[in-house]
Amino acid sequence: MEPVRIGIIGCGVIGSRHADAAARSTQIELVALADVRSEVAQALAATVGCATVYDAAEALLADGRIEGVVLAMPAHLRTALAQQAFAAGKHVLTEKPVALNSAEVQTLLDAQGDRVAACCSSRYHFLEATSTVKAFVAGGALGALREVRCRAIVPAGAPPRQPPPPWRLNRALNGGGILMNWGCYDLDYLLGITGWSLHPQTVLAQCWGTPPDYAAYAAPGSDAETHVTALVRCAGGVVISYERAEFIAAQRELAWELIGDRGSLRLQMTPAPDGRMVHFQADATTGVVASTLCTAQEEHSSVHDGPINDFALAIRTGSTPQTSFARALIIQQITDAIYASAATGTAVAIPEGILP
């Protein structure tokens, strides 16, 4: 297909990953970069071979050559820029989380019109192992689904050598902490591999902040969570059991799991040298038979190629991107309900009528 002409706004760490992926892609022509730090944008442009650099997002959005834009800056800046991009007739790919809250996502859906809009919380769907898992689950081998589970615990390492970024654990700048930073990936992955068939209804949750012993791991003024646990009841009695933690004194565990009445899958969302997708099958004679469905050995850098190429394909062919803004809204609604439940100490209902 004819390459899609893309511009990237934000040339920091994640913006450079998008630029590298765009420069490698045969589906994309990287037309321009923009960043208020012109020296950063110029340096990245030289690295990826991009001829046009702007020092303001508005200048890039006014470039008539550009069909789609990637917004690679902190969450509190993205909603206004996405609205400007839609008004300028551009397609939009946002970094994750898609916005600070559900109300902002709905604002973007209202402004989208006929433009393609997607979120990078889809990253882990483009791995070969994930495709194998999706096909296996769709085949019905697990039987009636009972529980969808994530327990991702990352213990504290050595204290950071550089000052932590101020936005990462700041509600005003990022909408929240570990739940916004990683929960969008976990929920996107689990909802996606089950075919977006789950309809969350009620959430009961609790969040905790940075422990006193790890105060140096968070930037001054940080007010968001580093540990969250939640139980999400879905229509039909399916349950999402969710826990994420960082900067904690606990044993490391990274586990994603689907449990049905005929079997279960132990999953590895992120690529890892020893990552295996293990199928536990019910057997009336022996009890349980375990087998390796596939391995997740791809390079972690490959996760950055998927969203931008999927975005380009959707623009050219009219297909729905892996994580559209409608799907991102479901993820954000669960996230908002988790925060509300943690704040009130009560179960919180999730709005009905949202389709994936």
# chains A, B, ... in the order shown; residues from 1 in each chain; ligands from 1
call {"tool": "residues_around", "arguments": {"residues": "Lys90 in chain A", "least_positions_apart": "4", "cutoff": "8 Å", "atoms": "only C-alpha atoms", "output": "PyMOL selection string"}}
result
chain A and resi 61+66-69+85-86+115
call {"tool": "residues_around", "arguments": {"residues": "range 284-301 of chain A", "least_positions_apart": "6", "cutoff": "12 Å", "atoms": "only C-alpha atoms", "output": "PDB file with C-alpha atoms, in the first residue's frame"}}
result
ATOM      1  CA  ILE A  14       8.833   6.967  23.847  1.00  0.00           C
ATOM      2  CA  ARG A  17      10.728   4.539  19.865  1.00  0.00           C
ATOM      3  CA  HIS A  18       7.887   5.574  17.564  1.00  0.00           C
ATOM      4  CA  ASP A  20      12.554   4.319  15.029  1.00  0.00           C
ATOM      5  CA  ALA A  21       9.561   2.097  14.266  1.00  0.00           C
ATOM      6  CA  ARG A 123       1.470  -3.094  22.305  1.00  0.00           C
ATOM      7  CA  TYR A 124       1.468  -6.685  23.507  1.00  0.00           C
ATOM      8  CA  HIS A 125      -1.159  -7.846  21.024  1.00  0.00           C
ATOM      9  CA  PHE A 126       1.257  -7.808  18.099  1.00  0.00           C
ATOM     10  CA  LEU A 127       3.577 -10.529  19.381  1.00  0.00           C
ATOM     11  CA  GLU A 128       3.448 -13.904  17.648  1.00  0.00           C
ATOM     12  CA  ALA A 129       2.754 -15.707  20.925  1.00  0.00           C
ATOM     13  CA  THR A 130      -0.257 -13.461  21.614  1.00  0.00           C
ATOM     14  CA  SER A 131      -1.746 -14.319  18.225  1.00  0.00           C
ATOM     15  CA  THR A 132      -1.401 -18.017  19.066  1.00  0.00           C
ATOM     16  CA  VAL A 133      -3.090 -17.510  22.431  1.00  0.00           C
ATOM     17  CA  LYS A 134      -5.995 -15.562  20.913  1.00  0.00           C
ATOM     18  CA  ALA A 135      -6.688 -18.293  18.372  1.00  0.00           C
ATOM     19  CA  PHE A 136      -6.485 -20.983  21.047  1.00  0.00           C
ATOM     20  CA  VAL A 137      -8.898 -19.192  23.382  1.00  0.00           C
ATOM     21  CA  ALA A 141     -10.526 -25.257  24.653  1.00  0.00           C
ATOM     22  CA  ARG A 262     -12.252 -27.289  31.158  1.00  0.00           C
ATOM     23  CA  GLY A 263      -8.763 -25.878  31.463  1.00  0.00           C
ATOM     24  CA  SER A 264      -6.571 -22.865  32.034  1.00  0.00           C
ATOM     25  CA  LEU A 265      -3.725 -20.925  30.432  1.00  0.00           C
ATOM     26  CA  ARG A 266      -0.732 -19.556  32.329  1.00  0.00           C
ATOM     27  CA  LEU A 267       0.508 -16.635  30.228  1.00  0.00           C
ATOM     28  CA  GLN A 268       3.513 -14.379  29.748  1.00  0.00           C
ATOM     29  CA  MET A 269       2.355 -11.008  28.403  1.00  0.00           C
ATOM     30  CA  THR A 270       5.799  -9.462  28.032  1.00  0.00           C
ATOM     31  CA  PRO A 271       8.524 -11.100  25.913  1.00  0.00           C
ATOM     32  CA  ALA A 272      11.018 -13.022  28.031  1.00  0.00           C
ATOM     33  CA  PRO A 273      13.815 -15.562  27.296  1.00  0.00           C
ATOM     34  CA  ASP A 274      12.001 -18.264  29.283  1.00  0.00           C
ATOM     35  CA  GLY A 275       8.453 -17.067  28.646  1.00  0.00           C
ATOM     36  CA  ARG A 276       6.008 -19.914  28.108  1.00  0.00           C
ATOM     37  CA  MET A 277       2.278 -20.117  27.527  1.00  0.00           C
ATOM     38  CA  VAL A 278       1.233 -23.257  29.415  1.00  0.00           C
TER      39      VAL A 278
END
call {"tool": "residues_around", "arguments": {"residues": "Thr107 in chain A", "least_positions_apart": "5", "cutoff": "9 Å", "atoms": "only C-alpha atoms", "output": "list in words"}}
result
Thr79, Gln83, Ser102 and Gln112 of chain A
call {"tool": "write_last_selection", "arguments": {"atoms": "C-alpha atoms", "output": "CSV table (one decimal), in the first residue's frame"}}
result
chain,number,residue,atom,x,y,z
A,79,THR,CA,-6.4,15.3,25.1
A,83,GLN,CA,-8.8,17.5,19.8
A,102,SER,CA,-13.2,8.4,31.1
A,112,GLN,CA,-13.1,11.9,16.4
call {"tool": "residues_around", "arguments": {"residues": "range 196-205 of chain A", "least_positions_apart": "2", "cutoff": "10 Å", "atoms": "only C-alpha atoms", "output": "ChimeraX atom specification"}}
result
/A:145,148,188-194,207,228-240,242-243,327,330-331,333-356
call {"tool": "residues_around", "arguments": {"residues": "Asp55 in chain A", "least_positions_apart": "2", "cutoff": "12 Å", "atoms": "only C-alpha atoms", "output": "list in words"}}
result
Ile8, Ile9, Gly10, Cys11, Ala32, Leu33, Ala34, Asp35, Val36, Arg37, Ser38, Glu39, Val40, Ala41, Gln42, Thr52, Val53, Ala57, Glu58, Ala59, Leu60 and Leu61 of chain A
call {"tool": "residues_around", "arguments": {"residues": "Glu29 in chain A", "least_positions_apart": "6", "cutoff": "6 Å", "atoms": "only C-alpha atoms", "output": "list in words"}}
result
Pro3, Val4 and Arg5 of chain A
call {"tool": "write_last_selection", "arguments": {"atoms": "all heavy atoms", "output": "JSON list (two decimals), in the first residue's frame"}}
result
[["chain", "number", "residue", "atom", "x", "y", "z"],
["A", 3, "PRO", "N", 2.58, 4.33, 1.40],
["A", 3, "PRO", "CA", 2.94, 4.65, 2.78],
["A", 3, "PRO", "C", 2.08, 5.79, 3.34],
["A", 3, "PRO", "O", 1.75, 6.74, 2.64],
["A", 3, "PRO", "CB", 4.41, 5.05, 2.68],
["A", 3, "PRO", "CG", 4.91, 4.36, 1.46],
["A", 3, "PRO", "CD", 3.75, 4.35, 0.50],
["A", 4, "VAL", "N", 1.73, 5.67, 4.62],
["A", 4, "VAL", "CA", 0.96, 6.70, 5.31],
["A", 4, "VAL", "C", 1.92, 7.76, 5.83],
["A", 4, "VAL", "O", 2.93, 7.45, 6.44],
["A", 4, "VAL", "CB", 0.15, 6.09, 6.47],
["A", 4, "VAL", "CG1", -0.59, 7.17, 7.25],
["A", 4, "VAL", "CG2", -0.83, 5.04, 5.94],
["A", 5, "ARG", "N", 1.60, 9.00, 5.59],
["A", 5, "ARG", "CA", 2.48, 10.11, 5.97],
["A", 5, "ARG", "C", 2.20, 10.51, 7.42],
["A", 5, "ARG", "O", 1.12, 11.01, 7.74],
["A", 5, "ARG", "CB", 2.29, 11.28, 5.02],
["A", 5, "ARG", "CG", 2.63, 10.92, 3.57],
["A", 5, "ARG", "CD", 2.46, 12.08, 2.61],
["A", 5, "ARG", "NE", 1.09, 12.56, 2.56],
["A", 5, "ARG", "CZ", 0.12, 12.00, 1.84],
["A", 5, "ARG", "NH1", 0.36, 10.91, 1.12],
["A", 5, "ARG", "NH2", -1.10, 12.52, 1.84]]
call {"tool": "closest_residue", "arguments": {"among": "A:Pro74, A:Gly221, A:Gly195, A:Gly7", "to": "Asn170 in chain A", "atoms": "only C-alpha atoms"}}
result
A:Gly221
call {"tool": "select_by_dssp", "arguments": {"residues": "range 220-347 of chain A", "states": "helix (DSSP H, G or I)", "output": "count of residues only"}}
result
41
call {"tool": "closest_residue", "arguments": {"among": "A:Leu100, A:Val303, A:Cys150, A:Cys120", "to": "Leu187 in chain A", "atoms": "only C-alpha atoms"}}
result
A:Cys150
call {"tool": "atom_distance", "arguments": {"atom1": "CA of Ala250 in chain A", "atom2": "CA of Gly157 in chain A"}}
result
11.0 Å
call {"tool": "select_by_dssp", "arguments": {"residues": "range 31-257 of chain A", "states": "strand (DSSP E or B)", "output": "PyMOL selection string"}}
result
chain A and resi 31-34+52-54+68-71+91-94+117-119+145-155+170+176+200-208+227-234+239-248+253-257
call {"tool": "closest_residue", "arguments": {"among": "A:Ala75, A:Ala152, A:Ile28, A:Ala249", "to": "Gly176 in chain A", "atoms": "only C-alpha atoms"}}
result
A:Ala75
call {"tool": "atom_distance", "arguments": {"atom1": "CA of Asp223 in chain A", "atom2": "CA of Ile248 in chain A"}}
result
16.2 Å
call {"tool": "atom_distance", "arguments": {"atom1": "CA of Gly143 in chain A", "atom2": "CA of Ala282 in chain A"}}
result
10.1 Å
call {"tool": "closest_residue", "arguments": {"among": "A:Ala72, A:Ala19, A:Ala144, A:Ala216", "to": "Ala158 in chain A", "atoms": "only C-alpha atoms"}}
result
A:Ala216
